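Shown next, in structure tokens, is the structure this report addresses.
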Amino acid sequence: MPRSSNLFTHTAIYRFALACLTVATLITAIQAADTIAYLPRNTLGYVVVRNLAESDQKLAKFTSLFNPGVPSPLALAKAITGLEQGVDFEGNALFAYLANGNSAAVPTPLVLLPVTDYKVFATAVGGDVTGEICRIRIAEIELLVARLGKHALVMNVEHRDLMRQVLSTRPEAAADSFADWIAENDVSVVLTRFGLAYIAKYGWFVGAPSSEEIFVEDDFGEIVIAEELRRRESWPLVDFARRNFRGMGLGLAIDDASNARLRWKGELLKPIAISQQPAESPQQRLMGFAAKPYALAGGGDLPTRASEMLAEFMTSLSLQDAQQQGRTEFTRQDWAEERRSWDLAFGGVQEVSFLLVPPTEGEPLISTFFARLTVEDSAKYLASLTQSYEVANELTTRSKSEIKMLYDVTPKKIGDVEGLAITSDLDRATGDQNVEAWQVLLTASLGAEHQLAIYCSPVDEKHVFVGLQSTDKLLEFIEGFREAEMGLANETAVQRTLTLLDAEVPFLQLVNPQGLVEVTRSWMKTFLVLGMMPQLPLYPSAPPIAISLASDQLSWQGEAVFPEETVQGLATFVTNLEKMLGQ
């Protein structure tokens, strides 16, 4: 079939699926597994929407904050498709992409639409009331439909053979490890191992060239493309996910009070050991942070293997950058050294806490970021960090890159503690002293000397504090932990967010939108000098967003919690920004 025809039918089913999914917001009385159990093994990814009527009300209330007067998703979908009779508006709806064995690069979409009475549904759309595969026409789109359990299965007309395969799939309710997680979301998006491999190879599920390549499982149990997945064709972040996770999910849950949760889950390829660290409350995770203006604050335990996986990801970014620039001077051993430099930098880090505050007038913009690392041994960690920079310097010296960031690592007394100063001259590294815009940016971010300075202070055997550009500000950050500050945790706005969290959280990061906007406004002033950027409106005061992260033996998971007042504040900010940009 000509590509143009394929593209049309692909777009047609996508339009239909989008309309149906906008309608679909499923019922909690029906388990998510009842829907996803019908998906075949070659599924790339899928979207589940729970409880049509209930979710429609939630989403309508949520979206009305940003676009008042817009019809609800359910009303809009009914108007587009004309579907109503026989449809179960309290059932599970699903949209999925399947890997097509005849052409791996052109995925096949399908829709499972819940029905109360298939005969009524089929009669309304002009289909076969017995449930056999037949052609129908919905919203001027010609499609195939058939009965599958308590659902109507809808696919493109050219996929009749694949549709028969789906209909013959024996449902296994426990086959998908995401089923229980999906049941807690209003809307869920899940990428399978096949889907992660597909995106790493081709990009998202549109516009990929036709190919005869098929998905296979290699000797290590990883899903790959036949003929190997070449890194220069891959997306680093997705390729990283493919190599470490069996599947990844993103979900949205909105409660009756319009508090929103953006949830995520990654099922690990290999089970991991879980550390037996004592659990802490959200308030305890904020110990050490004073009640001062902030953009980011918080921290906690890192999931097992986080340091190892982060080192792998940073190495893949370096490799991708080198290949994109056509630099092929590094050997396999050189890249092994690159990986070793990251392992030395991240290895042994057990916990991490971050603080980002809005800068004051005239101070270097990056001097407002701080971190506290909990490590196995402070002295050994600083020795590893020093070695990491030495390896990086050696590789940089031998590279053909035009920008050579070389670092000097020297002892530095920070308060009463002997630490490290890691410095790099940006003028020397880039050679752009005559580029005015770059010089203005360097002065604003680093100070007049254009020198990046990273200060590391091992305050005790287990903790290393890190700050940029200023030892005085780093000492202020350290003092908060020495005094066991709890001021931030006791703020009213913070307490509002903490009430929405579990009693114990391994990792908690507060994100203050008002503080982030102030940080952004400070950075944008630099560009305003050059006439390159508009100004931002002030952000209304609101509770912070809370980001949590946890892990078990089989998965990493977490969520970003948005209190209702925070969502309203975002809506107000967006409205004011639109007004400002429209002037």
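Chain labels A, B, ... are given in the sequence in which chains occur in the structure tokens; within each chain residues are numbered consecutively from 1, and ligands are likewise numbered from 1 in the order shown.
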Excluding same-chain residues fewer than 5 positions from A:Ala336, what lies within 12 Å of it counting only C-alpha atoms, as a VMD selection string?
chain A and resid 311 to 312 315 to 316 318 to 319 330 to 331 341 to 343 391 to 392 395
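Near A:Leu554, within 6 Å and counting only C-alpha atoms, sit A:Glu267, A:Leu268, A:Pro271, A:Asp552; same-chain residues fewer than 2 positions away were not included.
Across the structure, atom CA of A:Phe89 and atom CA of A:Thr116 are spaced 8.5 Å apart.
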Counting only C-alpha atoms, what is within 12 Å of A:Ser258, bar same-chain residues fewer than 4 positions away, as a list in words?
Ser55, Gln57, Lys58, Leu59, Ala60, Lys61, Phe62, Thr63, Ser64, Leu65, Leu252, Ala253, Ile254, Leu500, Val561, Phe562, Pro563, Glu564, Glu565, Thr566, Val567 and Gln568 of chain A
Given only C-alpha atoms as the basis, pick out the residue of A:Leu237, A:Ala383, A:Ile403, A:Ile366 nearest to A:Phe313.
A:Leu237
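Counting only C-alpha atoms, the residue from A:Leu501, A:Leu98, A:Val120, A:Val49 that sits nearest to A:Leu83 is A:Val120.
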